Amino acid sequence: MIEILPVVMAFFGTLGFSMYYNINIRISLINSFCSMAGYFIYVILIEKTGSLFWSNFWVAVLISFFCEIVARSHKVPTTLLLVPMLFPEIPGGELYNTVWNLFVGDMAASSVHAVRLAIDIAALNLGIVLVNTVVKIYSNISARLRYGHYEGYR
């Protein structure tokens with residue numbers, strides 16, 4: 001069963017993060033709702049698949065794709081949307097447990113948490129890079145078709 005409180009807290013955490021960095025209230029609300037939806041999808045995927053990598057990867061793909069669409073429609077940078085939206089997916093608990101177990105001296109537990117941390121970060125990065133690459137290729141192809149020449153990958 002899915003707990004609703006962490007999903008709602010993803011909304012307020014992202015809203016607070018956006019407001020702290022003086023992001024427009026309309027963009028902050030978009031960030032917060034999308035972040036809440038992304039965390040909800042993450043919880044569903046982790047419950048159904050049990051895979052940290054694929055859950056984080058698909059959430060990063062969905063959120064990055066949505067960020068590209070909203071960034072162009074509202075004429076704002078993609079990172080202004082992407083960083084707050086992925087805020088709840090940041091594996092802070094795994095980082096804390098890795099450092100804590102290193103501090104205590106439990107190397108086995110620390111290595112387990114470090115591997116999970118690396119998996120989480122790799123999945124998020126791969127999802128973001130995949131979407132950004134596809135969007136860049138699409139932009140180059142559409143520019144070539146529109147203007148009749150190709151300027152290469154910038």
# chains A, B, ... in the order shown; residues from 1 in each chain; ligands from 1
$ residues_around --residues "A:Leu86" --least-positions-apart "6" --cutoff "9 Å" --atoms "only C-alpha atoms" --output "PyMOL selection string"
chain A and resi 14+35+38-39+59-60+63-64+124
$ residues_around --residues "A:Val99" --least-positions-apart "4" --cutoff "10 Å" --atoms "only C-alpha atoms" --output "list in words"
Glu94, Leu95, Phe103, Val104, Gly105, Ser110, Ser111, His113 and Ala114 of chain A
$ closest_residue --among "A:Phe87, A:Phe53, A:Trp58, A:Tyr42" --to "A:Ala10" --atoms "only C-alpha atoms"
A:Phe87
$ atom_distance --atom1 "atom CA of A:Val134" --atom2 "atom CA of A:Pro77"
17.0 Å
$ closest_residue --among "A:Ile25, A:Leu52, A:Val61, A:Ile46" --to "A:Gly127" --atoms "only C-alpha atoms"
A:Val61
$ residues_around --residues "A:Ala122" --least-positions-apart "4" --cutoff "12 Å" --atoms "only C-alpha atoms" --output "PyMOL selection string"
chain A and resi 52-57+60+90-91+115-118+126-130
$ closest_residue --among "A:Leu5, A:Leu15, A:Glu89, A:Ala143" --to "A:Ser28" --atoms "only C-alpha atoms"
A:Leu15
$ atom_distance --atom1 "atom CA of A:Ile41" --atom2 "atom CA of A:Pro6"
12.1 Å
$ closest_residue --among "A:Pro88, A:Val76, A:Arg144, A:Val112" --to "A:Asn24" --atoms "only C-alpha atoms"
A:Val76
$ closest_residue --among "A:Leu81, A:Phe12, A:Arg146, A:Ala123" --to "A:Ser51" --atoms "only C-alpha atoms"
A:Ala123
$ atom_distance --atom1 "atom CA of A:Asp106" --atom2 "atom CA of A:Gly93"
16.6 Å
$ select_by_dssp --residues "chain A" --states "helix (DSSP H, G or I)" --output "NGL selection string"
:A and (4-20 or 25-49 or 52-74 or 78-85 or 87-89 or 92-104 or 107-147)
$ write_last_selection --atoms "C-alpha atoms" --output "CSV table (one decimal), in the first residue's frame"
chain,number,residue,atom,x,y,z
A,4,ILE,CA,0.4,9.4,1.0
A,5,LEU,CA,2.3,11.4,3.5
A,6,PRO,CA,5.8,11.1,1.8
A,7,VAL,CA,4.2,12.0,-1.5
A,8,VAL,CA,2.6,15.1,0.0
A,9,MET,CA,5.8,16.0,1.7
A,10,ALA,CA,7.6,15.9,-1.7
A,11,PHE,CA,5.2,18.7,-2.8
A,12,PHE,CA,6.0,20.9,0.2
A,13,GLY,CA,9.7,20.1,0.1
A,14,THR,CA,10.0,21.1,-3.5
A,15,LEU,CA,7.8,24.2,-2.9
A,16,GLY,CA,10.1,25.2,0.0
A,17,PHE,CA,13.2,24.6,-2.1
A,18,SER,CA,11.8,26.6,-5.0
A,19,MET,CA,10.8,29.5,-2.7
A,20,TYR,CA,14.2,29.5,-1.0
A,25,ILE,CA,5.4,31.2,-7.7
A,26,ARG,CA,3.8,29.8,-10.8
A,27,ILE,CA,7.0,27.9,-11.7
A,28,SER,CA,7.3,26.8,-8.1
A,29,LEU,CA,3.8,25.3,-8.1
A,30,ILE,CA,4.5,23.5,-11.4
A,31,ASN,CA,7.7,22.2,-9.9
A,32,SER,CA,5.9,21.1,-6.7
A,33,PHE,CA,3.1,19.3,-8.5
A,34,CYS,CA,5.4,17.5,-10.9
A,35,SER,CA,7.8,16.6,-8.1
A,36,MET,CA,4.9,15.1,-6.2
A,37,ALA,CA,3.7,13.2,-9.3
A,38,GLY,CA,7.3,12.0,-9.9
A,39,TYR,CA,7.7,10.8,-6.3
A,40,PHE,CA,4.3,9.0,-6.5
A,41,ILE,CA,5.5,7.2,-9.7
A,42,TYR,CA,8.8,6.4,-7.9
A,43,VAL,CA,6.9,4.8,-5.0
A,44,ILE,CA,4.7,2.8,-7.3
A,45,LEU,CA,7.7,1.6,-9.4
A,46,ILE,CA,9.8,0.7,-6.4
A,47,GLU,CA,6.8,-1.3,-4.9
A,48,LYS,CA,6.0,-3.1,-8.2
A,49,THR,CA,9.6,-3.8,-9.5
A,52,LEU,CA,16.2,1.0,-7.4
A,53,PHE,CA,17.9,1.6,-10.8
A,54,TRP,CA,14.8,1.3,-13.0
A,55,SER,CA,12.6,3.2,-10.6
A,56,ASN,CA,15.0,6.2,-10.5
A,57,PHE,CA,15.7,5.9,-14.2
A,58,TRP,CA,12.1,6.1,-15.4
A,59,VAL,CA,11.3,8.9,-12.9
A,60,ALA,CA,14.2,10.9,-14.2
A,61,VAL,CA,13.2,10.3,-17.8
A,62,LEU,CA,9.6,11.4,-17.1
A,63,ILE,CA,10.5,14.4,-15.1
A,64,SER,CA,13.2,15.5,-17.6
A,65,PHE,CA,10.9,15.1,-20.5
A,66,PHE,CA,8.2,17.2,-18.7
A,67,CYS,CA,10.8,19.8,-17.8
A,68,GLU,CA,11.8,20.2,-21.5
A,69,ILE,CA,8.2,20.7,-22.5
A,70,VAL,CA,7.4,23.2,-19.7
A,71,ALA,CA,10.7,25.1,-20.1
A,72,ARG,CA,9.9,25.8,-23.7
A,73,SER,CA,6.3,26.7,-23.0
A,74,HIS,CA,7.2,29.1,-20.2
A,78,THR,CA,15.4,23.7,-18.0
A,79,THR,CA,17.6,23.5,-14.9
A,80,LEU,CA,15.2,26.0,-13.2
A,81,LEU,CA,12.6,23.2,-13.4
A,82,LEU,CA,14.8,20.1,-13.3
A,83,VAL,CA,16.7,20.7,-10.1
A,84,PRO,CA,13.7,21.3,-7.8
A,85,MET,CA,11.6,18.6,-9.5
A,87,PHE,CA,14.8,17.2,-5.2
A,88,PRO,CA,12.7,14.4,-3.5
A,89,GLU,CA,14.6,11.7,-5.6
A,92,GLY,CA,20.2,11.7,0.9
A,93,GLY,CA,19.4,8.9,3.3
A,94,GLU,CA,21.8,6.6,1.5
A,95,LEU,CA,24.6,9.2,1.7
A,96,TYR,CA,23.9,9.7,5.4
A,97,ASN,CA,24.0,5.9,6.1
A,98,THR,CA,27.2,5.5,4.0
A,99,VAL,CA,29.0,8.2,5.9
A,100,TRP,CA,27.6,7.1,9.3
A,101,ASN,CA,28.7,3.5,8.8
A,102,LEU,CA,32.1,4.7,7.8
A,103,PHE,CA,32.3,6.8,10.9
A,104,VAL,CA,31.2,3.9,13.1
A,107,MET,CA,32.7,-1.2,6.4
A,108,ALA,CA,30.3,-3.9,5.2
A,109,ALA,CA,27.2,-1.8,5.8
A,110,SER,CA,28.9,1.3,4.5
A,111,SER,CA,29.7,-0.5,1.2
A,112,VAL,CA,26.2,-1.7,0.8
A,113,HIS,CA,24.8,1.8,1.2
A,114,ALA,CA,27.5,3.2,-1.1
A,115,VAL,CA,26.5,0.8,-3.8
A,116,ARG,CA,22.9,1.8,-3.5
A,117,LEU,CA,23.9,5.4,-3.5
A,118,ALA,CA,25.9,4.9,-6.7
A,119,ILE,CA,23.0,3.1,-8.3
A,120,ASP,CA,20.5,5.9,-7.5
A,121,ILE,CA,22.8,8.6,-8.8
A,122,ALA,CA,23.7,6.7,-11.9
A,123,ALA,CA,20.0,6.1,-12.8
A,124,LEU,CA,19.1,9.7,-12.3
A,125,ASN,CA,22.0,10.9,-14.4
A,126,LEU,CA,21.3,8.4,-17.2
A,127,GLY,CA,17.6,9.4,-17.4
A,128,ILE,CA,18.5,13.1,-17.6
A,129,VAL,CA,21.2,12.6,-20.2
A,130,LEU,CA,19.0,10.4,-22.3
A,131,VAL,CA,16.2,12.9,-22.5
A,132,ASN,CA,18.5,15.9,-23.1
A,133,THR,CA,20.3,14.0,-25.9
A,134,VAL,CA,17.0,13.1,-27.6
A,135,VAL,CA,15.8,16.7,-27.3
A,136,LYS,CA,19.1,18.1,-28.7
A,137,ILE,CA,19.0,15.7,-31.6
A,138,TYR,CA,15.4,16.5,-32.3
A,139,SER,CA,16.2,20.3,-32.2
A,140,ASN,CA,19.1,19.9,-34.6
A,141,ILE,CA,17.0,17.8,-37.1
A,142,SER,CA,14.1,20.2,-36.9
A,143,ALA,CA,16.5,23.2,-37.5
A,144,ARG,CA,18.0,21.4,-40.4
A,145,LEU,CA,14.6,20.7,-41.9
A,146,ARG,CA,13.4,24.3,-41.2
A,147,TYR,CA,16.4,26.2,-42.5
